[in-house]
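**Q** So here's work05.txt, just compact mmCIF, C-alpha atoms:
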# COMPACT_ATOMS: atom_id res chain seq x y z
CA MET A 1 1.56 -42.88 12.33
CA GLY A 2 3.66 -39.71 12.19
CA SER A 3 4.79 -38.08 9.01
CA ASN A 4 8.40 -38.45 7.83
CA SER A 5 8.25 -35.33 5.69
CA ILE A 6 11.17 -32.92 6.05
CA PHE A 7 8.57 -30.13 5.91
CA GLU A 8 6.73 -31.33 9.01
CA ASP A 9 7.14 -29.24 12.18
CA ASP A 10 7.31 -30.72 15.66
CA VAL A 11 4.49 -28.41 16.72
CA GLU A 12 1.48 -27.15 14.79
CA ILE A 13 0.25 -23.71 15.83
CA ILE A 14 -1.49 -22.24 12.80
CA ARG A 15 -4.85 -23.80 12.06
CA ASP A 16 -5.88 -21.63 9.07
CA ALA A 17 -3.25 -19.31 7.57
CA ASP A 18 -5.75 -17.88 5.07
CA LEU A 19 -7.38 -15.96 7.92
CA PHE A 20 -4.24 -13.85 8.19
CA THR A 21 -4.21 -12.75 4.54
CA GLU A 22 -5.42 -9.36 3.32
CA GLU A 23 -7.90 -11.15 1.05
CA HIS A 24 -9.79 -12.49 4.07
CA THR A 25 -12.94 -10.58 4.97
CA PRO A 26 -13.94 -11.16 8.61
CA GLU A 27 -17.48 -12.14 9.55
CA GLU A 28 -17.69 -9.10 11.82
CA ILE A 29 -15.95 -5.72 11.84
CA LEU A 30 -14.90 -5.02 15.42
CA CYS A 31 -14.30 -1.68 17.19
CA ARG A 32 -15.77 0.38 14.36
CA ASP A 33 -19.43 0.87 15.36
CA GLU A 34 -19.75 4.59 14.65
CA VAL A 35 -17.71 4.49 11.46
CA MET A 36 -19.63 1.47 10.18
CA GLN A 37 -22.96 3.18 10.82
CA ASN A 38 -21.82 6.20 8.81
CA TYR A 39 -20.72 3.87 6.03
CA VAL A 40 -24.02 1.98 6.11
CA ASN A 41 -25.89 5.28 5.79
CA ALA A 42 -23.80 6.17 2.74
CA LEU A 43 -24.72 2.86 1.09
CA LYS A 44 -28.42 2.84 1.98
CA PRO A 45 -29.51 4.64 -1.22
CA VAL A 46 -28.15 1.71 -3.25
CA TYR A 47 -30.19 -0.77 -1.20
CA LYS A 48 -33.31 1.36 -1.71
CA GLY A 49 -32.79 1.63 -5.44
CA ARG A 50 -31.95 5.33 -5.33
CA PRO A 51 -29.00 7.10 -6.99
CA PRO A 52 -25.80 6.11 -5.16
CA ARG A 53 -23.80 8.52 -3.03
CA ASN A 54 -20.08 8.89 -3.63
CA ALA A 55 -17.86 8.39 -0.62
CA PHE A 56 -14.28 9.16 0.31
CA LEU A 57 -12.69 7.03 3.05
CA TYR A 58 -9.45 8.10 4.67
CA GLY A 59 -7.24 7.01 7.54
CA ASP A 60 -3.83 5.46 8.17
CA THR A 61 -2.81 2.09 6.78
CA GLY A 62 -4.33 -0.87 8.61
CA VAL A 63 -7.28 0.89 10.27
CA GLY A 64 -9.98 -1.13 8.49
CA LYS A 65 -10.94 0.95 5.43
CA THR A 66 -10.63 -1.85 2.89
CA ALA A 67 -11.89 -4.57 5.25
CA ALA A 68 -15.00 -2.51 6.09
CA THR A 69 -15.61 -1.84 2.40
CA LYS A 70 -15.37 -5.50 1.41
CA TYR A 71 -17.56 -6.54 4.35
CA LEU A 72 -20.33 -3.98 3.67
CA LEU A 73 -20.37 -4.59 -0.09
CA ARG A 74 -20.71 -8.31 0.58
CA GLU A 75 -23.60 -7.62 2.95
CA LEU A 76 -25.18 -5.14 0.56
CA GLU A 77 -25.01 -7.61 -2.31
CA SER A 78 -26.57 -10.34 -0.14
CA ASP A 79 -29.36 -8.07 1.14
CA ILE A 80 -30.26 -6.83 -2.35
CA ARG A 81 -30.32 -10.40 -3.63
CA GLU A 82 -32.63 -11.39 -0.77
CA ARG A 83 -34.87 -8.40 -1.40
CA ASN A 84 -35.04 -9.13 -5.12
CA ALA A 85 -36.21 -12.68 -4.39
CA ASP A 86 -39.49 -11.23 -3.05
CA ARG A 87 -40.04 -8.89 -6.01
CA SER A 88 -41.34 -9.27 -9.50
CA PRO A 89 -38.74 -9.10 -12.31
CA ASP A 90 -39.75 -5.51 -13.11
CA GLU A 91 -39.15 -4.43 -9.51
CA GLN A 92 -35.80 -6.12 -9.01
CA ARG A 93 -32.67 -3.97 -8.60
CA ALA A 94 -29.43 -4.98 -10.30
CA PHE A 95 -26.31 -4.29 -8.29
CA THR A 96 -22.65 -4.75 -9.24
CA HIS A 97 -19.46 -3.66 -7.53
CA VAL A 98 -15.82 -3.77 -8.55
CA ARG A 99 -12.63 -2.85 -6.68
CA ILE A 100 -9.40 -1.59 -8.25
CA ASN A 101 -6.20 -1.02 -6.30
CA CYS A 102 -4.63 1.98 -8.01
CA GLN A 103 -1.23 1.16 -6.53
CA ASN A 104 -1.16 -2.09 -8.50
CA ILE A 105 -1.69 -0.34 -11.82
CA ALA A 106 0.61 2.61 -11.14
CA PRO A 107 3.82 2.63 -13.23
CA SER A 108 7.30 3.18 -11.82
CA ASP A 109 6.68 6.86 -11.06
CA GLY A 110 4.01 5.82 -8.54
CA THR A 111 0.98 7.53 -10.11
CA ALA A 112 -1.82 6.07 -12.19
CA SER A 113 -3.58 8.21 -14.78
CA SER A 114 -7.30 8.23 -15.50
CA TYR A 115 -6.38 6.37 -18.70
CA GLN A 116 -4.75 3.51 -16.76
CA VAL A 117 -7.63 3.32 -14.30
CA ALA A 118 -10.08 3.16 -17.20
CA ILE A 119 -8.16 0.30 -18.82
CA ALA A 120 -8.08 -1.61 -15.52
CA LEU A 121 -11.86 -1.18 -15.17
CA VAL A 122 -12.52 -2.29 -18.75
CA ASN A 123 -10.51 -5.45 -18.07
CA GLU A 124 -12.55 -6.10 -14.91
CA PHE A 125 -15.77 -6.10 -16.93
CA ARG A 126 -14.82 -8.07 -20.04
CA ASP A 127 -13.29 -11.45 -20.81
CA ASP A 128 -11.15 -10.29 -23.75
CA GLN A 129 -8.53 -8.16 -22.03
CA ILE A 130 -7.12 -5.04 -23.67
CA ALA A 131 -3.49 -3.97 -23.53
CA SER A 132 -2.36 -1.21 -21.18
CA THR A 133 -1.12 0.90 -24.10
CA GLY A 134 -1.92 1.47 -27.76
CA TYR A 135 -5.44 2.90 -27.50
CA ALA A 136 -6.54 6.50 -27.76
CA SER A 137 -7.98 7.83 -24.50
CA ARG A 138 -11.37 8.49 -26.10
CA GLU A 139 -11.49 4.88 -27.33
CA VAL A 140 -10.74 3.48 -23.85
CA TYR A 141 -13.38 5.65 -22.20
CA SER A 142 -15.94 4.63 -24.84
CA MET A 143 -15.22 0.97 -24.13
CA LEU A 144 -15.60 1.58 -20.40
CA TYR A 145 -18.94 3.36 -20.64
CA GLU A 146 -20.22 0.74 -23.08
CA GLU A 147 -19.35 -2.00 -20.60
CA LEU A 148 -20.98 -0.08 -17.75
CA ASP A 149 -24.16 0.55 -19.72
CA ASP A 150 -24.40 -3.14 -20.63
CA ILE A 151 -24.35 -4.04 -16.92
CA GLY A 152 -27.27 -1.79 -16.00
CA GLY A 153 -28.68 -1.14 -12.54
CA THR A 154 -26.29 0.35 -10.01
CA VAL A 155 -22.52 -0.11 -10.24
CA LEU A 156 -20.27 0.87 -7.34
CA ILE A 157 -16.63 1.38 -8.31
CA VAL A 158 -14.15 1.21 -5.43
CA LEU A 159 -10.75 2.80 -6.06
CA ASP A 160 -8.40 1.68 -3.31
CA GLU A 161 -5.24 3.77 -2.91
CA VAL A 162 -7.05 6.45 -4.94
CA ASP A 163 -4.30 8.89 -4.01
CA ARG A 164 -2.14 7.07 -6.58
CA VAL A 165 -4.23 8.73 -9.29
CA GLY A 166 -2.10 11.65 -10.45
CA GLU A 167 -3.01 15.08 -11.73
CA SER A 168 -5.00 13.54 -14.58
CA ASP A 169 -8.08 12.93 -12.40
CA THR A 170 -10.74 13.46 -15.06
CA LEU A 171 -12.24 10.02 -14.52
CA LEU A 172 -12.89 10.77 -10.84
CA TYR A 173 -15.15 13.60 -11.97
CA ASP A 174 -16.76 11.96 -14.99
CA LEU A 175 -17.63 8.51 -13.60
CA PRO A 176 -20.22 9.58 -11.00
CA ARG A 177 -21.74 12.04 -13.50
CA ALA A 178 -21.70 9.67 -16.48
CA ARG A 179 -25.47 9.32 -16.57
CA ASP A 180 -26.06 13.09 -16.35
CA ILE A 181 -23.49 13.74 -19.07
CA GLY A 182 -25.06 11.11 -21.32
CA TYR A 183 -22.17 8.63 -21.38
CA VAL A 184 -24.50 5.89 -20.08
CA GLU A 185 -28.27 5.52 -20.16
CA ASP A 186 -29.19 2.44 -18.11
CA THR A 187 -26.61 2.45 -15.31
CA ARG A 188 -26.16 4.49 -12.16
CA ILE A 189 -22.52 4.75 -11.12
CA GLY A 190 -21.21 5.43 -7.63
CA LEU A 191 -17.59 5.96 -6.66
CA ILE A 192 -15.85 5.03 -3.41
CA GLY A 193 -12.32 6.36 -2.98
CA ILE A 194 -10.02 4.95 -0.28
CA SER A 195 -6.84 6.72 0.77
CA ASN A 196 -4.30 6.86 3.59
CA ASP A 197 -2.98 10.21 2.32
CA TYR A 198 -4.62 12.97 4.33
CA THR A 199 -3.40 15.63 1.88
CA PHE A 200 -4.91 13.94 -1.18
CA ARG A 201 -8.34 15.53 -0.76
CA SER A 202 -6.93 19.05 -0.60
CA ASN A 203 -4.88 18.45 -3.75
CA LEU A 204 -7.92 17.51 -5.82
CA SER A 205 -9.42 20.08 -8.15
CA PRO A 206 -12.53 21.69 -6.60
CA LYS A 207 -14.95 20.03 -9.03
CA VAL A 208 -13.46 16.57 -8.38
CA ARG A 209 -13.41 17.16 -4.63
CA ASP A 210 -17.10 18.09 -4.61
CA THR A 211 -17.93 14.94 -6.60
CA LEU A 212 -15.71 12.33 -4.94
CA CYS A 213 -16.05 13.64 -1.38
CA GLU A 214 -19.85 13.81 -1.29
CA THR A 215 -19.66 11.72 1.90
CA GLU A 216 -16.43 11.66 3.91
CA ILE A 217 -15.73 8.91 6.42
CA LYS A 218 -12.63 9.05 8.61
CA PHE A 219 -11.21 5.85 10.09
CA PRO A 220 -9.25 6.73 13.27
CA ALA A 221 -6.32 4.69 14.53
CA TYR A 222 -7.11 1.76 16.81
CA SER A 223 -6.16 1.87 20.49
CA ALA A 224 -4.00 -0.89 21.95
CA ASP A 225 -7.05 -2.46 23.63
CA GLU A 226 -8.96 -2.45 20.34
CA LEU A 227 -6.03 -4.05 18.51
CA GLU A 228 -5.88 -6.77 21.11
CA GLU A 229 -9.61 -7.44 20.77
CA ILE A 230 -9.29 -7.67 16.98
CA ILE A 231 -6.33 -10.05 16.91
CA ALA A 232 -7.82 -12.13 19.74
CA ALA A 233 -10.90 -12.73 17.59
CA ARG A 234 -8.73 -13.67 14.62
CA ALA A 235 -6.44 -15.90 16.67
CA ASN A 236 -9.44 -17.79 18.03
CA ASN A 237 -10.10 -19.16 14.53
CA ALA A 238 -6.66 -19.00 12.92
CA LEU A 239 -4.58 -20.65 15.67
CA HIS A 240 -4.96 -23.93 17.51
CA ASP A 241 -6.18 -23.85 21.08
CA GLU A 242 -3.62 -23.38 23.86
CA THR A 243 -0.90 -22.24 21.43
CA TYR A 244 -0.90 -18.61 22.60
CA ASP A 245 -1.85 -16.53 25.62
CA LYS A 246 -3.02 -13.00 26.44
CA GLU A 247 0.55 -11.79 27.02
CA VAL A 248 1.45 -12.55 23.40
CA LEU A 249 -1.67 -10.81 22.06
CA SER A 250 -1.01 -7.76 24.23
CA LEU A 251 2.60 -7.61 23.03
CA CYS A 252 1.58 -7.79 19.37
CA ALA A 253 -0.92 -4.98 19.96
CA ALA A 254 1.60 -2.83 21.84
CA LEU A 255 4.30 -3.22 19.19
CA ALA A 256 1.81 -2.41 16.43
CA MET A 257 0.81 0.74 18.32
CA ARG A 258 4.43 1.77 18.76
CA ASN A 259 5.64 1.13 15.22
CA SER A 260 2.62 1.61 12.97
CA SER A 261 0.21 4.03 14.67
CA GLY A 262 -2.43 1.47 15.56
CA SER A 263 -2.49 -0.71 12.46
CA ALA A 264 -4.52 -3.92 12.79
CA ARG A 265 -2.72 -5.27 9.72
CA ARG A 266 0.62 -4.86 11.49
CA ALA A 267 -0.65 -6.53 14.65
CA MET A 268 -2.01 -9.39 12.56
CA ASP A 269 1.28 -9.78 10.67
CA LEU A 270 3.21 -9.84 13.94
CA LEU A 271 1.02 -12.60 15.34
CA LYS A 272 1.27 -14.71 12.18
CA GLN A 273 5.03 -14.24 11.90
CA ALA A 274 5.47 -15.06 15.60
CA ALA A 275 3.39 -18.23 15.15
CA GLU A 276 5.53 -19.31 12.20
CA HIS A 277 8.72 -18.53 14.11
CA ALA A 278 7.50 -20.63 17.05
CA GLU A 279 6.59 -23.52 14.73
CA ASN A 280 10.02 -23.44 13.08
CA ALA A 281 11.75 -23.38 16.48
CA GLY A 282 9.50 -26.08 17.94
CA ASN A 283 8.14 -23.72 20.61
CA MET A 284 4.64 -24.03 22.02
CA PRO A 285 2.94 -21.93 23.13
CA ILE A 286 4.15 -18.81 21.28
CA ALA A 287 6.57 -16.90 23.53
CA PRO A 288 7.28 -13.15 23.72
CA SER A 289 10.69 -13.91 22.22
CA ASP A 290 8.91 -15.22 19.11
CA VAL A 291 7.04 -11.92 18.83
CA TYR A 292 10.24 -9.86 19.10
CA ALA A 293 11.89 -12.09 16.49
CA ALA A 294 8.86 -11.58 14.26
CA LYS A 295 9.17 -7.81 14.67
CA GLU A 296 12.81 -7.90 13.56
CA GLU A 297 11.93 -9.97 10.51
CA LEU A 298 9.05 -7.68 9.53
CA ASP A 299 11.11 -4.54 10.11
CA TYR A 300 13.81 -5.95 7.84
CA GLY A 301 11.31 -6.66 5.08
CA ASP A 302 9.63 -3.27 5.51
CA MET A 303 12.87 -1.42 4.81
CA VAL A 304 13.58 -3.58 1.77
CA GLU A 305 10.10 -2.87 0.40
CA SER A 306 10.50 0.83 1.15
CA ILE A 307 13.66 0.98 -0.97
CA ILE A 308 11.93 -0.91 -3.78
CA ASP A 309 9.15 1.70 -3.73
CA GLN A 310 11.61 4.53 -4.44
CA ASP A 311 12.33 5.78 -7.96
CA GLN A 312 15.46 4.50 -9.71
CA HIS A 313 17.65 7.52 -8.97
CA LYS A 314 16.98 7.25 -5.24
CA GLN A 315 17.66 3.51 -5.36
CA LEU A 316 21.00 4.13 -7.08
CA ILE A 317 21.96 6.79 -4.52
CA ILE A 318 21.16 4.42 -1.63
CA ASP A 319 23.15 1.72 -3.43
CA ALA A 320 26.11 4.11 -3.78
CA VAL A 321 26.09 4.97 -0.06
CA ALA A 322 25.75 1.27 0.85
CA ARG A 323 28.79 0.36 -1.29
CA LEU A 324 30.82 3.11 0.36
CA GLU A 325 29.64 1.94 3.78
CA ALA A 326 30.50 -1.68 3.04
CA ASP A 327 34.03 -0.47 2.21
CA GLY A 328 34.30 1.43 5.51
CA ARG A 329 34.24 4.89 3.94
CA THR A 330 31.17 6.43 5.59
CA PRO A 331 30.21 9.03 6.70
CA VAL A 332 31.13 10.38 3.26
CA ARG A 333 30.75 13.67 1.44
CA THR A 334 28.31 14.38 -1.38
CA LYS A 335 30.98 14.48 -4.09
CA ALA A 336 32.13 10.94 -3.32
CA ILE A 337 28.56 9.65 -3.34
CA HIS A 338 27.98 11.35 -6.69
CA ALA A 339 31.09 9.74 -8.19
CA ILE A 340 29.84 6.23 -7.31
CA TYR A 341 26.24 7.10 -8.22
CA GLU A 342 27.37 8.23 -11.70
CA GLN A 343 28.95 4.84 -12.37
CA LEU A 344 25.87 2.99 -11.15
CA ALA A 345 23.56 5.16 -13.26
CA SER A 346 25.67 4.44 -16.34
CA ALA A 347 25.59 0.72 -15.57
CA ALA A 348 21.81 0.95 -15.29
CA GLY A 349 21.59 2.70 -18.67
CA ASP A 350 20.32 5.90 -17.06
CA ASP A 351 21.52 9.48 -17.46
CA PRO A 352 22.99 10.48 -14.09
CA LEU A 353 21.77 13.59 -12.34
CA SER A 354 24.12 16.47 -11.71
CA GLN A 355 25.61 16.69 -8.24
CA ARG A 356 23.12 19.44 -7.39
CA GLY A 357 20.23 17.32 -8.70
CA MET A 358 21.46 14.33 -6.74
CA TYR A 359 21.78 16.45 -3.59
CA ASN A 360 18.02 17.11 -3.65
CA HIS A 361 17.46 13.33 -3.58
CA LEU A 362 20.02 12.96 -0.78
CA THR A 363 18.11 15.46 1.32
CA ARG A 364 14.87 13.63 0.66
CA LEU A 365 16.39 10.24 1.53
CA ASP A 366 17.65 11.74 4.79
CA MET A 367 14.13 12.98 5.60
CA LEU A 368 12.63 9.57 4.74
CA GLY A 369 14.99 7.80 7.15
CA PHE A 370 17.11 5.87 4.65
CA LEU A 371 20.23 7.98 5.24
CA GLN A 372 21.65 9.88 8.17
CA SER A 373 23.44 13.19 7.63
CA PHE A 374 26.05 14.94 9.73
CA GLN A 375 26.95 18.62 9.62
CA ASN A 376 30.66 19.35 9.61
CA ASN A 377 32.41 22.68 10.14
CA GLU A 378 36.13 23.03 9.46
CA GLY A 379 36.15 26.78 9.87
CA LEU A 380 37.67 29.12 7.32
CA ARG A 381 39.91 26.43 5.90
CA GLY A 382 37.41 23.69 5.19
CA GLY A 383 34.03 25.41 5.43
CA GLN A 384 30.75 23.73 6.25
CA TYR A 385 29.60 20.54 4.58
CA ASN A 386 27.44 17.44 5.14
CA THR A 387 28.47 13.81 5.24
CA TYR A 388 26.15 10.82 4.91
CA GLU A 389 25.85 7.18 5.91
CA LEU A 390 23.06 4.62 5.99
CA SER A 391 20.57 5.21 8.79
CA GLU A 392 20.66 2.98 11.86
CA ALA A 393 17.46 1.30 10.61
CA LEU A 394 19.11 0.20 7.34
CA THR A 395 21.89 -2.29 6.63
CA VAL A 396 24.03 -2.93 3.58
CA ARG A 397 22.42 -6.37 3.27
CA GLN A 398 18.93 -4.83 3.10
CA VAL A 399 20.05 -2.50 0.34
CA GLU A 400 21.54 -5.42 -1.60
CA ASP A 401 18.31 -7.41 -1.20
CA ALA A 402 16.26 -4.42 -2.40
CA ILE A 403 18.46 -3.86 -5.46
CA ASP A 404 18.23 -7.56 -6.31
CA SER A 405 14.44 -7.56 -5.90
CA SER A 406 14.10 -4.40 -8.01
CA GLU A 407 15.99 -6.23 -10.79
CA LEU A 408 18.10 -3.14 -11.43
CA PRO A 409 20.89 -3.77 -13.95
CA THR A 410 23.36 -2.74 -11.22
CA ALA A 411 22.56 -5.83 -9.15
CA GLY A 412 25.80 -7.81 -8.95
CA VAL A 413 27.86 -5.11 -10.71
CA GLU A 414 31.24 -4.71 -9.01
CA LEU A 415 32.91 -1.28 -8.86
CA GLU A 416 36.52 -0.37 -8.13
CA LEU A 417 35.79 2.33 -5.60
CA ASP A 418 39.41 3.45 -5.24
CA SER A 419 39.92 4.12 -8.94
CA ILE A 420 36.51 5.85 -9.26
CA LEU A 421 37.26 8.18 -6.36
CA VAL A 422 40.78 8.89 -7.60
CA ARG A 423 39.44 9.86 -11.03
CA ALA A 424 37.00 12.19 -9.27
CA GLY A 425 39.89 13.79 -7.37
CA LEU A 426 38.85 12.20 -4.10
CA SER A 427 41.80 9.99 -3.27
CA GLU A 428 41.64 11.12 0.36
CA GLU A 429 37.92 10.30 0.82
Take the structure in the file and write it out as structure tokens.
**A**
Amino acid sequence: MGSNSIFEDDVEIIRDADLFTEEHTPEEILCRDEVMQNYVNALKPVYKGRPPRNAFLYGDTGVGKTAATKYLLRELESDIRERNADRSPDEQRAFTHVRINCQNIAPSDGTASSYQVAIALVNEFRDDQIASTGYASREVYSMLYEELDDIGGTVLIVLDEVDRVGESDTLLYDLPRARDIGYVEDTRIGLIGISNDYTFRSNLSPKVRDTLCETEIKFPAYSADELEEIIAARANNALHDETYDKEVLSLCAALAMRNSSGSARRAMDLLKQAAEHAENAGNMPIAPSDVYAAKEELDYGDMVESIIDQDQHKQLIIDAVARLEADGRTPVRTKAIHAIYEQLASAAGDDPLSQRGMYNHLTRLDMLGFLQSFQNNEGLRGGQYNTYELSEALTVRQVEDAIDSSELPTAGVELELDSILVRAGLSEE
């Protein structure tokens, strides 16, 4: 007897949506044989009960760094447990690992200090959580090393998005050397840093670079064929039989190659979104049109998230340009943008930047692809100047969604553009 639920689709394509999530660790890491062997070699000392080696993993987003780490640590934990079962208590090796995503603990400026990383680690190891502020740095570090020493054995600390750690990188140097320094007595600590910022390593202080980058493992981008192999293996378990074909998998792989430099995560997101689009439309099997629709939906969300990731001044500048564009006034000169930006900054309770200070952000937003600039030359009479509008990849609606999601105080604030521009001496803008 069929269901009468309004939530029921006419077709069911997705068998197990959890297999598409970032939390899922596959049973096998495909198309990474050489990289995985290098990674295994870096972890072998832990399996053998020797001091751990620190490792630095780098490569673009979606090339398998985090998935490979989770997979190998799961295997390492299982193998050590199996090996301990055949040993006497005195010969057994204790092994613990913990993973922190530094992006999740970074404040609004986008960087996480050693202090914040230390607090996050303390809260991973203890039941009674401590607040993110209110403790002296020395007190937090003491708590961390006390927790680590209580664990004993070998502890591997994985810092994902380690490039989010700012100039205060003391912890990256001290953690692997904690036993030598005397901060811990019974625990060996290894550090694994994961980054998609190729410049991060060169920006580290020499002593931190020598410590963190003891072993470097580069994850190259996937080829289109490799992406197709990866998503085919995932689709085999995540989707129902006969709900997709090779053409759809190839298209997802090709679009991921074109728009995200060979990201398996992007290819996976495209396939999942296409499957959901097909379900909602009652299509089966998934059609290429579902994949293209999925791409548009993901691209829309990507731009919204990209705006949310910007600091507040950049968000307010984008908002100012979007309001001018919605009113049909773009391309528009810097002075007009600054007049609207000033009002938005005041509404947000922020001190507005000078026009020169705002111009530096405008230039950056142009480089990042949020805005498009035009050079104008009116000769001796008008001189040279730039005008700006939203880039072709960005719409007013996306900006509005980003401002709403950021929960800026300017969300929903209405401005009288004419009167603002007149007061700024820009009645002709």
**Q** Which polymer residues have any atom within 8 Å of an atom of Glu276 (chain A), counting all atoms listed in the file, with same-chain residues fewer than 4 positions away left out, as a short mmCIF file (atom, residue, chain, number, x, y, z; two decimals) with C-alpha atoms, in the frame of the given file?
**A**
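Saved file part_29.cif follows:
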data_model
loop_
_atom_site.label_atom_id
_atom_site.label_comp_id
_atom_site.auth_asym_id
_atom_site.auth_seq_id
_atom_site.Cartn_x
_atom_site.Cartn_y
_atom_site.Cartn_z
CA ILE A 13 0.25 -23.71 15.83
CA ILE A 14 -1.49 -22.24 12.80
CA LYS A 272 1.27 -14.71 12.18
CA ASN A 280 10.02 -23.44 13.08
#
**Q** Kindly give the distance, in Å, that separates CA of Asp90 (chain A) and CA of Asp150 (chain A), rounded to a single decimal.
**A**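 Interatomic distance here is 17.3 Å.
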**Q** If you measure from CA of Ser205 (chain A) to CA of Asn38 (chain A), what distance in Å do you get, rounded to one decimal?
**A** 25.2 Å
**Q** Measure the distance from CA of Ser142 (chain A) to CA of Tyr183 (chain A) in Å and round it to one decimal.
**A**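 Separating CA of Ser142 (chain A) from CA of Tyr183 (chain A) is a distance of 8.2 Å.
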**Q** Mind listing whatever residues come within 10 Å of the point (16.1, -4.0, 3.7)? Use all atoms listed in the file, file coordinates, and give them as JSON, numbers by chain.
**A** {"A": [297, 298, 299, 300, 301, 302, 303, 304, 305, 306, 307, 308, 370, 393, 394, 395, 396, 397, 398, 399, 400, 401, 402, 403]}
**Q** Env of region 24-33 of chain A: 10 Å cut, atoms = only C-alpha atoms, seq-sep filter 5 positions within chain, self excluded. Answer as a ChimeraX atom specification.
**A** /A:18-19,38-39,63-64,66-72,74,219-220,222-223,225-227,229-230,233-234
**Q** When you count all atoms listed in the file, which of these residues is closest to Ala55 (chain A): A:Cys213, A:Ala320, A:Ala411, A:Cys252?
**A**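 Looking only at the distances to Ala55 (chain A), the closest residue turns out to be A:Cys213.
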